[in-house]
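J.: Below is the file run_2.cif, which contains mmCIF, C-alpha atoms.
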data_model
loop_
_atom_site.label_atom_id
_atom_site.label_comp_id
_atom_site.auth_asym_id
_atom_site.auth_seq_id
_atom_site.Cartn_x
_atom_site.Cartn_y
_atom_site.Cartn_z
CA MET A 1 0.00 0.00 0.00
CA GLU A 2 1.35 3.41 -0.91
CA LEU A 3 0.90 6.99 0.17
CA ASP A 4 2.21 9.63 -2.24
CA ASP A 5 3.95 6.83 -4.15
CA ARG A 6 5.87 5.92 -1.01
CA PRO A 7 5.33 2.40 0.25
CA LEU A 8 3.55 2.57 3.57
CA LEU A 9 2.24 -0.85 4.45
CA SER A 10 3.10 -4.22 3.05
CA GLY A 11 2.79 -7.89 3.86
CA LEU A 12 -0.42 -7.27 5.74
CA GLY A 13 -3.21 -9.77 5.83
CA PHE A 14 -6.06 -10.62 8.13
CA CYS A 15 -9.43 -12.23 8.02
CA LEU A 16 -12.58 -11.38 9.94
CA ARG A 17 -15.30 -13.85 10.84
CA ALA A 18 -18.71 -12.99 12.24
CA GLY A 19 -18.27 -11.49 15.69
CA ASP A 20 -14.62 -10.59 15.19
CA LEU A 21 -13.06 -7.36 16.34
CA VAL A 22 -9.62 -6.23 15.24
CA GLN A 23 -7.81 -3.43 16.99
CA VAL A 24 -5.21 -1.79 14.79
CA CYS A 25 -2.34 -0.41 16.82
CA GLY A 26 0.86 1.30 15.85
CA ALA A 27 2.86 4.45 16.32
CA ASN A 28 1.71 7.76 14.86
CA GLY A 29 2.33 7.73 11.13
CA SER A 30 2.46 3.96 10.87
CA GLY A 31 -0.49 3.95 8.49
CA LYS A 32 -3.51 3.15 10.65
CA THR A 33 -5.75 5.74 9.07
CA THR A 34 -4.56 4.90 5.56
CA LEU A 35 -5.31 1.25 6.22
CA MET A 36 -8.83 2.15 7.33
CA ARG A 37 -9.37 4.33 4.29
CA ALA A 38 -8.12 1.54 2.06
CA LEU A 39 -10.52 -0.92 3.69
CA ALA A 40 -13.36 1.54 3.08
CA GLY A 41 -12.34 1.79 -0.57
CA LEU A 42 -11.28 5.42 -0.39
CA VAL A 43 -7.63 4.71 -1.20
CA PRO A 44 -6.65 2.24 -3.92
CA LEU A 45 -4.28 -0.56 -3.00
CA ALA A 46 -0.98 -0.66 -4.86
CA ASP A 47 -1.03 -4.42 -4.56
CA GLY A 48 -3.27 -7.02 -2.98
CA GLU A 49 -6.99 -7.02 -2.50
CA VAL A 50 -9.85 -6.65 -0.06
CA LEU A 51 -12.45 -9.40 -0.10
CA TRP A 52 -15.97 -9.07 1.30
CA ARG A 53 -17.97 -12.26 1.72
CA GLY A 54 -15.42 -13.99 -0.47
CA ARG A 55 -15.61 -11.60 -3.42
CA ARG A 56 -13.39 -8.67 -4.31
CA VAL A 57 -14.93 -5.40 -3.14
CA GLN A 58 -14.25 -3.79 -6.52
CA ARG A 59 -16.81 -6.11 -8.05
CA GLN A 60 -19.58 -5.32 -5.60
CA TRP A 61 -19.09 -1.73 -4.46
CA SER A 62 -22.71 -0.90 -3.80
CA ARG A 63 -23.35 -4.10 -1.86
CA PHE A 64 -20.17 -3.67 0.16
CA ARG A 65 -20.89 -0.02 0.89
CA ALA A 66 -24.44 -0.82 1.94
CA GLU A 67 -22.99 -3.03 4.66
CA LEU A 68 -20.29 -0.57 5.71
CA LEU A 69 -20.19 2.04 8.44
CA PHE A 70 -17.08 4.18 8.30
CA ILE A 71 -16.38 6.87 10.86
CA GLY A 72 -13.09 8.57 10.12
CA HIS A 73 -11.01 11.37 11.53
CA ARG A 74 -13.26 13.88 9.89
CA LEU A 75 -16.58 13.03 11.44
CA GLY A 76 -18.86 13.64 8.50
CA LEU A 77 -21.06 16.19 10.28
CA LYS A 78 -22.27 19.45 8.81
CA THR A 79 -21.20 21.91 11.50
CA GLY A 80 -23.93 24.37 10.54
CA LEU A 81 -26.69 21.88 11.34
CA THR A 82 -27.83 20.59 14.71
CA ALA A 83 -26.97 17.12 15.97
CA GLU A 84 -30.48 15.93 15.22
CA GLU A 85 -30.48 17.32 11.67
CA ASN A 86 -27.09 15.80 11.09
CA LEU A 87 -28.28 12.34 11.96
CA ARG A 88 -31.43 12.73 9.92
CA LEU A 89 -30.13 14.53 6.85
CA VAL A 90 -26.43 13.68 6.72
CA ALA A 91 -26.05 10.24 8.28
CA GLY A 92 -29.41 9.30 6.79
CA VAL A 93 -28.04 9.79 3.27
CA LYS A 94 -25.29 7.29 3.78
CA ALA A 95 -27.10 4.29 5.13
CA PRO A 96 -30.50 2.95 4.14
CA VAL A 97 -31.95 3.66 7.56
CA VAL A 98 -35.62 3.15 8.21
CA ALA A 99 -37.43 5.97 9.94
CA ARG A 100 -36.13 5.90 13.49
CA ASP A 101 -36.24 8.08 16.49
CA TRP A 102 -32.92 9.84 16.22
CA ARG A 103 -33.56 11.79 19.39
CA GLN A 104 -33.70 8.55 21.36
CA CYS A 105 -30.39 7.73 19.85
CA LEU A 106 -28.84 11.04 20.92
CA LEU A 107 -30.25 10.68 24.43
CA ALA A 108 -28.58 7.30 24.67
CA VAL A 109 -25.24 8.84 23.87
CA GLY A 110 -25.81 11.57 26.45
CA LEU A 111 -26.76 14.49 24.22
CA GLY A 112 -30.18 15.64 25.36
CA ALA A 113 -30.26 19.42 25.31
CA ALA A 114 -27.20 19.68 23.09
CA ALA A 115 -29.03 17.89 20.29
CA ARG A 116 -30.67 21.11 19.17
CA MET A 117 -27.52 23.22 19.09
CA PRO A 118 -25.54 23.61 15.89
CA VAL A 119 -22.70 21.15 15.88
CA TRP A 120 -19.99 23.83 15.69
CA GLN A 121 -21.02 24.98 19.18
CA LEU A 122 -20.41 21.54 20.65
CA SER A 123 -17.11 20.41 22.17
CA ALA A 124 -14.85 17.98 20.35
CA GLY A 125 -16.05 15.11 22.52
CA GLN A 126 -19.70 15.99 21.99
CA GLN A 127 -19.19 16.21 18.23
CA ARG A 128 -17.67 12.77 18.23
CA ARG A 129 -20.61 11.51 20.27
CA VAL A 130 -22.99 12.82 17.62
CA ALA A 131 -21.12 10.88 14.95
CA LEU A 132 -20.94 7.78 17.13
CA ALA A 133 -24.65 7.93 17.95
CA GLN A 134 -25.11 6.22 14.57
CA LEU A 135 -23.68 3.05 16.11
CA ALA A 136 -26.89 2.53 18.05
CA VAL A 137 -28.99 2.23 14.90
CA SER A 138 -26.55 1.33 12.15
CA PRO A 139 -27.66 -1.69 10.13
CA ALA A 140 -24.12 -2.10 8.78
CA THR A 141 -22.26 -5.38 9.22
CA LEU A 142 -18.77 -3.94 8.99
CA TRP A 143 -17.79 -1.08 11.25
CA LEU A 144 -14.60 0.79 10.50
CA LEU A 145 -13.93 3.19 13.35
CA ASP A 146 -10.84 5.35 13.15
CA GLU A 147 -9.79 6.51 16.63
CA PRO A 148 -13.36 6.47 17.97
CA PHE A 149 -12.28 7.22 21.53
CA THR A 150 -10.49 10.51 20.85
CA ALA A 151 -11.79 13.25 23.16
CA LEU A 152 -14.40 10.96 24.74
CA ASP A 153 -14.95 10.80 28.50
CA PRO A 154 -14.92 7.39 30.26
CA GLN A 155 -18.71 7.22 30.25
CA ALA A 156 -18.87 7.67 26.49
CA VAL A 157 -16.04 5.19 25.97
CA ALA A 158 -18.04 2.63 27.93
CA TRP A 159 -21.10 3.37 25.79
CA VAL A 160 -19.13 2.86 22.58
CA GLU A 161 -17.71 -0.40 23.91
CA ALA A 162 -21.21 -1.56 24.81
CA GLN A 163 -22.33 -0.80 21.26
CA LEU A 164 -19.35 -2.70 19.90
CA GLN A 165 -20.21 -5.68 22.06
CA ARG A 166 -23.84 -5.66 20.93
CA HIS A 167 -22.69 -5.41 17.32
CA LEU A 168 -20.26 -8.32 17.66
CA LEU A 169 -22.80 -10.50 19.45
CA ALA A 170 -25.22 -9.86 16.60
CA GLY A 171 -22.65 -11.29 14.22
CA GLY A 172 -21.13 -8.04 13.01
CA VAL A 173 -17.45 -7.37 12.47
CA ALA A 174 -15.43 -4.30 13.35
CA VAL A 175 -12.01 -2.83 12.81
CA VAL A 176 -11.03 -0.15 15.29
CA THR A 177 -7.87 1.90 15.49
CA SER A 178 -7.02 3.03 18.97
CA HIS A 179 -4.05 3.66 21.18
CA GLN A 180 -5.88 2.80 24.33
CA PRO A 181 -6.54 -0.84 25.18
CA LEU A 182 -10.09 -2.04 24.63
CA SER A 183 -11.99 -3.87 27.36
CA ALA A 184 -10.88 -7.46 27.64
CA HIS A 185 -14.43 -8.83 27.31
CA LEU A 186 -14.58 -7.58 23.72
CA GLY A 187 -11.90 -10.09 22.84
CA ALA A 188 -10.17 -7.83 20.35
CA ARG A 189 -7.36 -9.17 18.21
CA GLN A 190 -4.40 -6.86 17.97
CA LEU A 191 -2.89 -5.91 14.66
CA GLU A 192 0.40 -4.11 15.10
CA LEU A 193 1.62 -1.85 12.33
CA ASN A 194 5.31 -1.01 12.21
CA VAL A 195 6.72 2.13 10.70
CA GLN A 196 8.66 1.22 7.60
CA ASP A 197 11.75 3.28 7.02
CA VAL A 198 12.68 3.17 3.38
CA ASP A 199 15.41 5.66 2.61
CA MET B 1 -33.23 4.23 0.15
CA GLY B 2 -34.57 5.18 -3.25
CA LEU B 3 -33.16 7.98 -5.32
CA VAL B 4 -36.12 10.31 -4.82
CA PRO B 5 -36.02 10.33 -0.99
CA LEU B 6 -32.24 10.68 -1.26
CA ALA B 7 -32.63 13.75 -3.46
CA GLY B 8 -35.18 15.08 -0.95
CA LEU B 9 -32.68 14.70 1.91
CA ILE B 10 -29.95 16.50 -0.02
CA CYS B 11 -32.31 19.32 -0.98
CA ARG B 12 -33.49 19.85 2.59
CA ARG B 13 -29.94 19.78 3.89
CA GLU B 14 -28.67 22.35 1.40
CA TRP B 15 -31.71 24.54 1.98
CA LEU B 16 -31.23 24.50 5.78
CA LEU B 17 -27.55 25.32 5.40
CA ALA B 18 -28.30 28.21 3.05
CA VAL B 19 -30.89 29.57 5.47
CA ARG B 20 -28.50 29.32 8.42
CA SER B 21 -25.62 31.01 6.65
CA PRO B 22 -27.11 33.21 3.94
CA ALA B 23 -23.69 34.72 3.06
CA GLN B 24 -23.10 31.80 0.71
CA VAL B 25 -26.13 32.91 -1.32
CA LEU B 26 -25.96 36.66 -0.78
CA ASN B 27 -22.26 37.25 -1.52
CA PRO B 28 -22.44 36.23 -5.20
CA LEU B 29 -25.61 38.29 -5.62
CA VAL B 30 -24.06 41.42 -4.09
CA PHE B 31 -20.93 40.85 -6.17
CA PHE B 32 -23.05 40.52 -9.31
CA VAL B 33 -24.88 43.79 -8.63
CA LEU B 34 -21.76 45.71 -7.67
CA VAL B 35 -19.74 44.62 -10.71
CA ILE B 36 -22.55 45.69 -13.04
CA ALA B 37 -22.96 48.99 -11.19
CA MET B 38 -19.31 49.77 -12.00
CA PHE B 39 -19.93 49.91 -15.76
CA PRO B 40 -22.13 53.02 -16.00
CA LEU B 41 -19.65 54.71 -13.65
CA GLY B 42 -16.55 53.56 -15.49
CA ILE B 43 -17.57 53.72 -19.15
CA SER B 44 -20.39 56.12 -19.73
CA PRO B 45 -23.88 56.71 -18.41
CA ALA B 46 -25.13 57.33 -21.97
CA PRO B 47 -28.09 54.96 -22.57
CA GLU B 48 -27.11 54.07 -26.15
CA VAL B 49 -23.58 53.00 -25.08
CA LEU B 50 -24.86 50.99 -22.10
CA ALA B 51 -27.64 49.30 -24.06
CA ARG B 52 -25.05 48.17 -26.60
CA ILE B 53 -22.88 46.42 -23.98
CA ALA B 54 -25.59 45.45 -21.46
CA GLY B 55 -25.98 41.81 -22.52
CA GLY B 56 -22.25 41.15 -22.36
CA VAL B 57 -21.79 42.98 -19.08
CA ILE B 58 -24.57 41.09 -17.34
CA TRP B 59 -23.27 37.79 -18.60
CA VAL B 60 -19.62 38.39 -17.73
CA ALA B 61 -20.66 39.50 -14.25
CA ALA B 62 -22.82 36.39 -13.89
CA LEU B 63 -19.89 34.19 -14.98
CA LEU B 64 -17.63 35.77 -12.39
CA ALA B 65 -20.26 35.53 -9.64
CA VAL B 66 -20.72 31.83 -10.39
CA LEU B 67 -16.95 31.27 -10.39
CA LEU B 68 -16.66 33.06 -7.08
CA SER B 69 -19.22 30.76 -5.49
CA LEU B 70 -17.89 27.52 -6.97
CA GLU B 71 -14.99 27.08 -4.59
CA SER B 72 -17.33 26.47 -1.68
CA LEU B 73 -19.36 23.88 -3.59
CA PHE B 74 -17.44 20.86 -2.26
CA ARG B 75 -14.89 22.52 0.03
CA GLU B 76 -16.90 22.47 3.25
CA ASP B 77 -18.21 18.98 2.63
CA ARG B 78 -14.67 17.78 2.20
CA ASP B 79 -13.27 19.50 5.28
CA GLU B 80 -16.05 18.13 7.45
CA GLY B 81 -15.79 14.59 6.14
CA VAL B 82 -19.29 14.69 4.65
CA LEU B 83 -17.82 14.09 1.22
CA GLU B 84 -16.00 11.02 2.52
CA GLN B 85 -19.28 9.68 3.82
CA LEU B 86 -20.87 10.20 0.40
CA LEU B 87 -17.98 8.34 -1.21
CA VAL B 88 -18.49 5.31 1.03
CA SER B 89 -22.27 5.39 0.68
CA PRO B 90 -23.96 2.85 -1.56
CA HIS B 91 -25.67 5.57 -3.61
CA PRO B 92 -24.52 6.42 -7.14
CA LEU B 93 -22.19 9.36 -6.66
CA PRO B 94 -22.99 11.08 -10.00
CA PHE B 95 -26.63 11.30 -8.95
CA VAL B 96 -25.72 12.81 -5.58
CA VAL B 97 -23.44 15.31 -7.32
CA LEU B 98 -26.15 16.19 -9.86
CA VAL B 99 -28.72 16.91 -7.15
CA LYS B 100 -26.26 18.88 -5.08
CA VAL B 101 -25.12 21.01 -8.02
CA LEU B 102 -28.67 21.71 -9.18
CA VAL B 103 -29.77 22.76 -5.69
CA TYR B 104 -26.71 24.94 -5.43
CA ALA B 105 -27.43 26.45 -8.84
CA LEU B 106 -30.97 27.22 -7.74
CA LEU B 107 -29.89 28.79 -4.44
CA VAL B 108 -26.96 30.81 -5.79
CA GLY B 109 -27.96 31.30 -9.43
CA GLY B 110 -31.68 31.81 -8.86
CA PRO B 111 -31.32 35.22 -7.18
CA LEU B 112 -28.99 36.35 -10.00
CA VAL B 113 -31.60 35.47 -12.62
CA LEU B 114 -34.33 37.26 -10.65
CA MET B 115 -32.16 40.34 -10.30
CA SER B 116 -31.12 40.50 -13.95
CA PRO B 117 -34.12 42.50 -15.34
CA VAL B 118 -33.50 45.19 -12.72
CA LEU B 119 -29.87 45.38 -13.79
CA GLY B 120 -31.01 45.40 -17.42
CA LEU B 121 -33.09 48.45 -16.59
CA MET B 122 -30.06 50.08 -15.00
CA LEU B 123 -28.07 49.45 -18.18
CA SER B 124 -30.88 50.86 -20.37
CA LEU B 125 -31.62 47.54 -21.97
CA PRO B 126 -34.92 47.77 -23.89
CA PRO B 127 -37.68 46.09 -21.83
CA ALA B 128 -38.62 43.94 -24.81
CA THR B 129 -35.37 41.99 -24.37
CA TYR B 130 -35.88 41.08 -20.69
CA GLY B 131 -37.66 37.88 -21.61
CA THR B 132 -34.72 36.72 -23.70
CA LEU B 133 -32.23 37.80 -21.05
CA VAL B 134 -33.98 35.79 -18.35
CA ALA B 135 -34.52 32.79 -20.63
CA ALA B 136 -30.84 32.77 -21.59
CA LEU B 137 -29.83 32.98 -17.92
CA LEU B 138 -32.24 30.21 -16.97
CA LEU B 139 -30.77 27.91 -19.61
CA GLY B 140 -27.16 29.03 -19.26
CA MET B 141 -26.78 29.34 -15.50
CA PRO B 142 -27.20 25.62 -14.66
CA THR B 143 -24.68 24.85 -17.42
CA LEU B 144 -22.18 27.15 -15.73
CA PHE B 145 -22.64 25.41 -12.40
CA LEU B 146 -22.47 21.92 -13.91
CA LEU B 147 -19.29 22.71 -15.85
CA GLY B 148 -17.87 24.44 -12.81
CA SER B 149 -18.61 21.47 -10.56
CA VAL B 150 -16.03 19.45 -12.51
CA GLY B 151 -13.41 22.12 -11.86
CA ALA B 152 -14.47 22.40 -8.22
CA ALA B 153 -14.17 18.63 -7.81
CA LEU B 154 -10.70 18.62 -9.36
CA THR B 155 -9.40 21.42 -7.16
CA VAL B 156 -11.17 20.55 -3.90
CA GLY B 157 -8.06 18.94 -2.42
CA LEU B 158 -5.78 21.89 -3.10
CA ARG B 159 -5.15 24.36 -0.34
CA ARG B 160 -5.41 27.42 -2.57
CA GLY B 161 -7.38 26.04 -5.45
CA GLY B 162 -9.45 29.15 -6.07
CA LEU B 163 -7.37 30.71 -8.82
CA LEU B 164 -6.62 27.39 -10.47
CA LEU B 165 -10.35 26.69 -10.50
CA VAL B 166 -10.96 29.97 -12.34
CA LEU B 167 -8.22 29.21 -14.86
CA LEU B 168 -9.60 25.73 -15.46
CA VAL B 169 -13.23 26.65 -15.81
CA LEU B 170 -13.32 30.10 -17.38
CA PRO B 171 -12.23 29.00 -20.90
CA LEU B 172 -14.94 26.34 -20.84
CA TYR B 173 -17.55 29.04 -20.27
CA VAL B 174 -16.87 30.67 -23.65
CA PRO B 175 -19.57 28.83 -25.65
CA VAL B 176 -22.26 29.69 -23.08
CA LEU B 177 -21.15 33.31 -23.05
CA VAL B 178 -21.13 33.54 -26.85
CA PHE B 179 -24.59 32.06 -27.41
CA ALA B 180 -26.21 33.84 -24.46
CA THR B 181 -24.98 37.29 -25.42
CA ALA B 182 -25.82 36.58 -29.05
CA ALA B 183 -29.38 35.84 -27.94
CA VAL B 184 -29.66 39.15 -26.09
CA ASP B 185 -28.13 41.02 -29.07
CA ALA B 186 -30.53 39.35 -31.46
CA ALA B 187 -33.47 40.32 -29.25
CA GLN B 188 -32.29 43.93 -29.25
CA LEU B 189 -32.18 43.94 -33.05
CA GLY B 190 -35.59 42.33 -33.24
CA MET B 191 -34.20 39.15 -34.77
CA PRO B 192 -35.29 35.60 -33.86
CA VAL B 193 -33.62 34.27 -30.70
CA ARG B 194 -34.86 30.69 -30.78
CA GLY B 195 -31.70 29.31 -32.40
CA HIS B 196 -29.41 30.77 -29.75
CA LEU B 197 -31.64 29.57 -26.92
CA ALA B 198 -31.86 26.13 -28.50
CA LEU B 199 -28.07 25.91 -28.53
CA LEU B 200 -27.96 26.95 -24.88
CA GLY B 201 -30.51 24.23 -24.15
CA ALA B 202 -28.40 21.70 -26.01
CA LEU B 203 -25.34 22.66 -23.97
CA LEU B 204 -27.37 22.27 -20.79
CA ALA B 205 -28.65 18.84 -21.84
CA LEU B 206 -25.12 17.72 -22.62
CA MET B 207 -23.78 18.97 -19.30
CA LEU B 208 -26.62 17.39 -17.33
CA VAL B 209 -25.40 14.04 -18.61
CA VAL B 210 -21.64 14.50 -18.71
CA ALA B 211 -20.73 16.84 -15.85
CA PRO B 212 -22.01 14.82 -12.85
CA VAL B 213 -20.14 11.72 -14.03
CA ALA B 214 -16.94 13.70 -14.57
CA ALA B 215 -17.27 15.53 -11.24
CA ALA B 216 -17.97 12.28 -9.36
CA GLY B 217 -14.89 10.68 -10.91
CA ALA B 218 -12.81 13.71 -10.03
CA LEU B 219 -14.05 13.62 -6.42
CA ARG B 220 -13.06 9.97 -6.08
CA VAL B 221 -9.58 10.68 -7.42
CA THR B 222 -8.98 13.81 -5.36
CA SER B 223 -10.01 12.08 -2.11
CA GLU B 224 -7.45 9.36 -2.52
CA GLU B 225 -4.72 10.97 -0.49
#
Could you render the structure from this file as structure tokens?

T.:
Amino acid sequence: MELDDRPLLSGLGFCLRAGDLVQVCGANGSGKTTLMRALAGLVPLADGEVLWRGRRVQRQWSRFRAELLFIGHRLGLKTGLTAEENLRLVAGVKAPVVARDWRQCLLAVGLGAAARMPVWQLSAGQQRRVALAQLAVSPATLWLLDEPFTALDPQAVAWVEAQLQRHLLAGGVAVVTSHQPLSAHLGARQLELNVQDVD
Amino acid sequence: MGLVPLAGLICRREWLLAVRSPAQVLNPLVFFVLVIAMFPLGISPAPEVLARIAGGVIWVAALLAVLLSLESLFREDRDEGVLEQLLVSPHPLPFVVLVKVLVYALLVGGPLVLMSPVLGLMLSLPPATYGTLVAALLLGMPTLFLLGSVGAALTVGLRRGGLLLVLLVLPLYVPVLVFATAAVDAAQLGMPVRGHLALLGALLALMLVVAPVAAAGALRVTSEE
């Protein structure tokens, strides 16, 4: 895998079965985010392939994307809209979500009154909570969460872990990048990325 | 989700955003009016001189106003990660781009079209030509936005892409400018304008098909870093 024509990751391979969780670890700049973006199909692979249900993702983009929830560094929230509008009008575009009570969802993640404020007025942690509130209702099978715990307080971290557990028990799979260790009961597999120095 | 509810979501989102921060819509309009107001001051207030150049002046000002607004078409979406979410969504990206560009054209370009007869009056354009002026703008304006969306998609990843965007897109606007001003000129001379308007319509039809696909492809490529 390359970034700016510079090899970044190589010799990487892993397989996820229903209920599997992989935690990607590695130093800053080791390529965690790029790996996540490659898995989501945002960055092309220089070599190798990503398979989904046994078939190459390139041959089934719309099916793969329908089963994918990707929350990256940039949260995908319109800062001019409120939390509620974001979930309805922005997150709603991405996934084929049936009509649901988004407010319930925001209450669950601890954003009651803040749900009606424009997102730019919220703190970094609250903004991330808005994005992560999708976890509660996402029908996706594959969750790709890039640093989901950044700026979250312990309560919110516990909530996210509970959502992960529910997702895994329901047969979903997830890849999470994080520097902090996940709760042991999630049974995460570690994937260590090493910085490659090629000079 | 079907394509119609999807289009509805995008429309409502863009509308809400435009209502919350009206500068995005008002700035191009104010720019448009101010640029045109410079001409009577700078050239001559004589009605016969102004009427001669009015069609061209209005159109060049409209071109520049559209160009000015284009940079923000995808920029905010990209910075906030909303674009990324669209790229990983199962929906056909060209369709999403088409809806977004058309809504944007309506919000930003609509006020320019509505204002144009007033500016025509200011430039002593004969009232009989207003119909043609507005018709040409209605057909030409969406073409400008659609063409521009390809440039905006190509330059969205660049830190200072504004000038490059202008350089990329402006030459492509020449056919629209030529046929639109020719229509206004023809109307002033009392000649038939149908042919010019038909050509503008043809350009619009072509861009409706080609531009969203090109812009979607450009967005995929520029988000690869």

J.: Under the PyMOL selection byres ((chain A and resi 159) around 12), which residues of this model are included? Write them out as a VMD selection string.

T.: chain A and resid 105 to 110 129 132 to 133 135 to 136 148 to 149 152 to 158 160 to 166 183

J.: Hey, list the chain A side of the contact with chain B: 9 Å cut-off, all atoms listed in the file, answer as a PyMOL selection string.

T.: chain A and resi 3-4+34+37+40-44+61-81+85-86+88-98

J.: Written as a PyMOL selection string, which residues does the PyMOL selection byres ((chain A and resi 115-118) around 8) give for the file shown?

T.: chain A and resi 79-84+103+106+111-114+119-122

J.: With distances taken over only C-alpha atoms, which residue among B:Val134, B:Val66, B:Glu71, B:Gly109 lies nearest Arg160 of chain B?

T.: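 Checking each of B:Val134, B:Val66, B:Glu71, B:Gly109 against Arg160 of chain B, counting only C-alpha atoms, the winner is B:Glu71.
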
J.: So which one's closest to Leu204 of chain B, B:Leu68, B:Leu146, B:Ala62, B:Val57? Using only C-alpha atoms, please.

T.: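 So, comparing all the options, the nearest one is B:Leu146.
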
J.: Translate the PyMOL selection byres ((chain B and resi 111) around 12) into a concrete residue list for this structure, as number ranges by chain.

T.: B: 24-33, 62, 65-66, 104-110, 112-118, 134, 137-138, 141

J.: Up to 12 Å from (-10.9, 24.7, -18.5) in the file's coordinates: name the residues, counting all atoms listed in the file, as a PyMOL selection string.

T.: chain B and resi 144+147-152+154-155+163-175

J.: Let's have the selection written as a PDB file, in the frame of the given file, with C-alpha atoms.

T.:
ATOM      1  CA  LEU B 144     -22.180  27.150 -15.730  1.00  0.00           C
ATOM      2  CA  LEU B 147     -19.290  22.710 -15.850  1.00  0.00           C
ATOM      3  CA  GLY B 148     -17.870  24.440 -12.810  1.00  0.00           C
ATOM      4  CA  SER B 149     -18.610  21.470 -10.560  1.00  0.00           C
ATOM      5  CA  VAL B 150     -16.030  19.450 -12.510  1.00  0.00           C
ATOM      6  CA  GLY B 151     -13.410  22.120 -11.860  1.00  0.00           C
ATOM      7  CA  ALA B 152     -14.470  22.400  -8.220  1.00  0.00           C
ATOM      8  CA  LEU B 154     -10.700  18.620  -9.360  1.00  0.00           C
ATOM      9  CA  THR B 155      -9.400  21.420  -7.160  1.00  0.00           C
ATOM     10  CA  LEU B 163      -7.370  30.710  -8.820  1.00  0.00           C
ATOM     11  CA  LEU B 164      -6.620  27.390 -10.470  1.00  0.00           C
ATOM     12  CA  LEU B 165     -10.350  26.690 -10.500  1.00  0.00           C
ATOM     13  CA  VAL B 166     -10.960  29.970 -12.340  1.00  0.00           C
ATOM     14  CA  LEU B 167      -8.220  29.210 -14.860  1.00  0.00           C
ATOM     15  CA  LEU B 168      -9.600  25.730 -15.460  1.00  0.00           C
ATOM     16  CA  VAL B 169     -13.230  26.650 -15.810  1.00  0.00           C
ATOM     17  CA  LEU B 170     -13.320  30.100 -17.380  1.00  0.00           C
ATOM     18  CA  PRO B 171     -12.230  29.000 -20.900  1.00  0.00           C
ATOM     19  CA  LEU B 172     -14.940  26.340 -20.840  1.00  0.00           C
ATOM     20  CA  TYR B 173     -17.550  29.040 -20.270  1.00  0.00           C
ATOM     21  CA  VAL B 174     -16.870  30.670 -23.650  1.00  0.00           C
ATOM     22  CA  PRO B 175     -19.570  28.830 -25.650  1.00  0.00           C
TER      23      PRO B 175
END

J.: Expressed in Å to a single decimal, how great is the separation between atom CA of Leu125 of chain B and atom CA of Ala180 of chain B?

T.: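 Pair atom CA of Leu125 of chain B / atom CA of Ala180 of chain B returns 14.9 Å.
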
J.: For atom CA of Glu49 of chain A and atom CA of Leu8 of chain A, determine how far apart the two atoms are, in Å to one decimal place.

T.: 15.5 Å

J.: May I ask for the distance between atom CA of Leu70 of chain B and atom CA of Phe145 of chain B, given in Å to one decimal place?

T.: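 One can read the atom CA of Leu70 of chain B to atom CA of Phe145 of chain B distance as 7.5 Å.
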
J.: Mind checking which residues fall within 9 Å of segment 14-21 of chain A, counting all atoms listed in the file, ignoring those fewer than 6 positions away in the same chain, and posting them as a list of chain:residue names?

T.: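 The residues satisfying every condition are A:Thr141, A:Leu164, A:Gln165, A:His167, A:Leu168, A:Leu169, A:Ala170, A:Gly171, A:Gly172, A:Val173, A:Ala174, A:Val175, A:Val176, A:Leu186, A:Gly187, A:Ala188, A:Arg189, A:Gln190, A:Leu191.
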
J.: Convert the current residue selection to file output with C-alpha atoms, as a PDB file, keeping the file's coordinate frame.

T.:
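That gives us out16.pdb:
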ATOM      1  CA  THR A 141     -22.260  -5.380   9.220  1.00  0.00           C
ATOM      2  CA  LEU A 164     -19.350  -2.700  19.900  1.00  0.00           C
ATOM      3  CA  GLN A 165     -20.210  -5.680  22.060  1.00  0.00           C
ATOM      4  CA  HIS A 167     -22.690  -5.410  17.320  1.00  0.00           C
ATOM      5  CA  LEU A 168     -20.260  -8.320  17.660  1.00  0.00           C
ATOM      6  CA  LEU A 169     -22.800 -10.500  19.450  1.00  0.00           C
ATOM      7  CA  ALA A 170     -25.220  -9.860  16.600  1.00  0.00           C
ATOM      8  CA  GLY A 171     -22.650 -11.290  14.220  1.00  0.00           C
ATOM      9  CA  GLY A 172     -21.130  -8.040  13.010  1.00  0.00           C
ATOM     10  CA  VAL A 173     -17.450  -7.370  12.470  1.00  0.00           C
ATOM     11  CA  ALA A 174     -15.430  -4.300  13.350  1.00  0.00           C
ATOM     12  CA  VAL A 175     -12.010  -2.830  12.810  1.00  0.00           C
ATOM     13  CA  VAL A 176     -11.030  -0.150  15.290  1.00  0.00           C
ATOM     14  CA  LEU A 186     -14.580  -7.580  23.720  1.00  0.00           C
ATOM     15  CA  GLY A 187     -11.900 -10.090  22.840  1.00  0.00           C
ATOM     16  CA  ALA A 188     -10.170  -7.830  20.350  1.00  0.00           C
ATOM     17  CA  ARG A 189      -7.360  -9.170  18.210  1.00  0.00           C
ATOM     18  CA  GLN A 190      -4.400  -6.860  17.970  1.00  0.00           C
ATOM     19  CA  LEU A 191      -2.890  -5.910  14.660  1.00  0.00           C
TER      20      LEU A 191
END

J.: Quick one: axis-aligned box around all listed atoms of segment 143-147 of chain A, 8 Å on every side, centre and edge lengths in Å to one decimal, written as JSON.

T.:
{"center_x": -13.8, "center_y": 2.7, "center_z": 13.6, "size_x": 24.0, "size_y": 23.6, "size_z": 22.1}

J.: Write out as number ranges by chain which residues come within 12 Å of Leu121 of chain B when counting only C-alpha atoms, dropping same-chain ones fewer than 3 positions away.

T.: B: 36-37, 40, 47, 50-51, 54-55, 58, 115-118, 124-130, 133
